>>> print(open('model35.csv').read())   # CSV, C-alpha atoms
chain,number,residue,atom,x,y,z
A,188,THR,CA,24.5,-41.4,-44.9
A,189,PRO,CA,26.6,-39.2,-47.3
A,190,ALA,CA,29.6,-41.6,-46.7
A,191,GLU,CA,27.5,-44.6,-47.6
A,192,PHE,CA,26.2,-42.8,-50.7
A,193,LYS,CA,29.7,-42.1,-51.8
A,194,ASP,CA,30.7,-45.7,-51.3
A,195,THR,CA,28.1,-46.7,-54.0
A,196,LEU,CA,29.9,-44.6,-56.6
A,197,SER,CA,32.0,-47.6,-57.5
A,198,GLU,CA,28.9,-49.7,-58.3
A,199,SER,CA,27.5,-50.0,-61.8
A,200,ASN,CA,24.1,-48.4,-60.9
A,201,PRO,CA,22.9,-45.9,-58.3
A,202,PRO,CA,21.2,-47.3,-55.2
A,203,GLU,CA,17.5,-48.2,-55.5
A,204,HIS,CA,14.9,-46.0,-53.9
A,205,ILE,CA,16.8,-42.7,-54.0
A,206,SER,CA,15.3,-39.5,-55.3
A,207,LYS,CA,15.7,-38.5,-58.9
A,208,PRO,CA,17.9,-35.5,-58.0
A,209,LEU,CA,20.2,-37.8,-56.0
A,210,GLU,CA,20.3,-40.2,-58.8
A,211,ALA,CA,21.4,-37.4,-61.2
A,212,LEU,CA,24.1,-36.4,-58.7
A,213,TRP,CA,25.2,-40.1,-58.6
A,214,TRP,CA,25.5,-40.2,-62.4
A,215,GLU,CA,27.4,-37.0,-62.6
A,216,ALA,CA,29.9,-38.3,-60.2
A,217,ASN,CA,30.3,-41.3,-62.5
A,218,ASP,CA,31.1,-39.1,-65.5
A,219,GLU,CA,27.7,-39.4,-67.0
A,220,TRP,CA,26.8,-35.7,-67.2
A,221,ASP,CA,24.3,-36.2,-70.1
A,222,LYS,CA,22.5,-38.9,-68.2
A,223,ALA,CA,22.4,-36.8,-65.0
A,224,HIS,CA,21.1,-33.8,-67.0
A,225,SER,CA,18.4,-35.8,-68.7
A,226,ILE,CA,17.0,-36.8,-65.3
A,227,VAL,CA,16.8,-33.3,-63.8
A,228,GLN,CA,15.8,-31.3,-66.8
A,229,VAL,CA,12.3,-32.7,-66.8
A,230,LEU,CA,11.7,-32.4,-63.0
A,231,GLU,CA,9.8,-29.5,-61.6
A,232,GLU,CA,11.0,-29.3,-58.0
A,233,ALA,CA,13.6,-27.2,-56.1
A,234,ASP,CA,16.0,-30.1,-55.4
A,235,ALA,CA,16.1,-30.9,-59.1
A,236,TYR,CA,16.7,-27.2,-59.9
A,237,TRP,CA,19.6,-27.2,-57.5
A,238,VAL,CA,21.2,-30.3,-59.0
A,239,HIS,CA,20.5,-28.8,-62.5
A,240,ALA,CA,22.3,-25.6,-61.5
A,241,TYR,CA,25.3,-27.7,-60.2
A,242,LEU,CA,25.4,-29.6,-63.5
A,243,HIS,CA,25.6,-26.4,-65.5
A,244,ARG,CA,28.3,-25.2,-63.1
A,245,VAL,CA,30.3,-28.4,-63.8
A,246,GLU,CA,29.8,-27.8,-67.5
A,247,GLY,CA,31.1,-24.2,-67.2
A,248,ASP,CA,27.8,-22.6,-68.4
A,249,ILE,CA,27.6,-20.0,-65.6
A,250,GLY,CA,24.7,-18.0,-67.0
A,251,ASN,CA,22.6,-21.1,-67.3
A,252,SER,CA,23.8,-22.3,-63.9
A,253,ASN,CA,22.7,-19.0,-62.3
A,254,TYR,CA,19.3,-19.3,-63.8
A,255,TRP,CA,18.8,-22.7,-62.2
A,256,TYR,CA,20.2,-21.6,-58.8
A,257,ASN,CA,17.6,-18.8,-58.9
A,258,ARG,CA,14.8,-21.3,-59.7
A,259,ALA,CA,16.0,-23.4,-56.7
A,260,GLY,CA,16.0,-20.3,-54.5
A,261,ARG,CA,19.7,-20.4,-54.0
A,262,LYS,CA,22.8,-18.5,-54.9
A,263,MET,CA,25.8,-20.0,-56.6
A,264,PRO,CA,28.2,-21.1,-53.9
A,265,GLN,CA,31.8,-19.9,-53.7
A,266,VAL,CA,33.1,-23.4,-52.9
A,267,SER,CA,34.7,-26.0,-55.1
A,268,LEU,CA,32.5,-28.4,-57.2
A,269,ASN,CA,33.6,-31.3,-54.9
A,270,ILE,CA,32.5,-29.4,-51.8
A,271,GLU,CA,29.2,-28.5,-53.4
A,272,TRP,CA,28.5,-32.1,-54.5
A,273,ASP,CA,29.1,-33.2,-50.9
A,274,GLU,CA,26.8,-30.4,-49.6
A,275,ILE,CA,24.0,-31.3,-52.0
A,276,ALA,CA,24.3,-35.0,-51.3
A,277,LYS,CA,24.2,-34.4,-47.5
A,278,GLU,CA,21.2,-32.2,-47.6
A,279,LEU,CA,19.2,-34.4,-49.9
A,280,LEU,CA,20.1,-37.5,-48.0
A,281,THR,CA,19.1,-36.0,-44.6
A,282,ARG,CA,15.6,-34.9,-45.5
>>> encode(input="model35.csv", output="structure tokens")
Amino acid sequence: TPAEFKDTLSESNPPEHISKPLEALWWEANDEWDKAHSIVQVLEEADAYWVHAYLHRVEGDIGNSNYWYNRAGRKMPQVSLNIEWDEIAKELLTR
């Protein structure tokens, strides 16, 4: 569940057997933006594009972020970064 996933953020490594986009989201929440980015930048799938877009939004690179939202088939949300993180985690965990 999203709550259980959030509980793992205090651990030293992400949970095993999660998707690469979720792993990247986990690393970003643990202040490892570069590690998160290195994971998603090589993936060719919509979920990775979405997390990639989010990461560039965190970085403040809105132009690059919009590019990745478009690749993911999404629009940049008008919510806080924390809310978007929760929304991404929830959707990726419930598939």
>>> atom_distance(input="model35.csv", atom1="atom CA of Ala276 of chain A", atom2="atom CA of Thr195 of chain A")
12.6 Å
>>> residues_around(input="model35.csv", residues="Ala233 of chain A", least_positions_apart="2", cutoff="8 Å", atoms="all atoms listed in the file", output="list in words")
Glu231, Ala235, Tyr236, Trp237, Arg258, Ala259 and Gly260 of chain A
>>> closest_residue(input="model35.csv", among="A:Ala216, A:Glu271, A:Pro208, A:Arg261", to="His239 of chain A", atoms="all atoms listed in the file")
A:Pro208
>>> residues_around(input="model35.csv", residues="Asn200 of chain A", least_positions_apart="5", cutoff="10 Å", atoms="only C-alpha atoms", output="list in words")
Thr195, Glu210, Trp213, Trp214 and Asn217 of chain A
>>> closest_residue(input="model35.csv", among="A:Phe192, A:Leu242, A:Ser267, A:Asp234", to="Lys222 of chain A", atoms="only C-alpha atoms")
A:Leu242
>>> residues_around(input="model35.csv", residues="Val266 of chain A", least_positions_apart="6", cutoff="12 Å", atoms="all atoms listed in the file", output="number ranges by chain")
A: 241, 244, 272-274
>>> atom_distance(input="model35.csv", atom1="atom CA of Ala223 of chain A", atom2="atom CA of Gly250 of chain A")
19.0 Å
>>> atom_distance(input="model35.csv", atom1="atom CA of Lys207 of chain A", atom2="atom CA of Pro189 of chain A")
15.9 Å
>>> closest_residue(input="model35.csv", among="A:Val245, A:Ala190, A:Ile205, A:Met263", to="His224 of chain A", atoms="all atoms listed in the file")
A:Val245
>>> closest_residue(input="model35.csv", among="A:Ile275, A:Thr188, A:Leu196, A:Trp255", to="Glu232 of chain A", atoms="all atoms listed in the file")
A:Trp255
>>> closest_residue(input="model35.csv", among="A:His204, A:His243, A:Arg282, A:Lys193", to="Asp221 of chain A", atoms="all atoms listed in the file")
A:His243
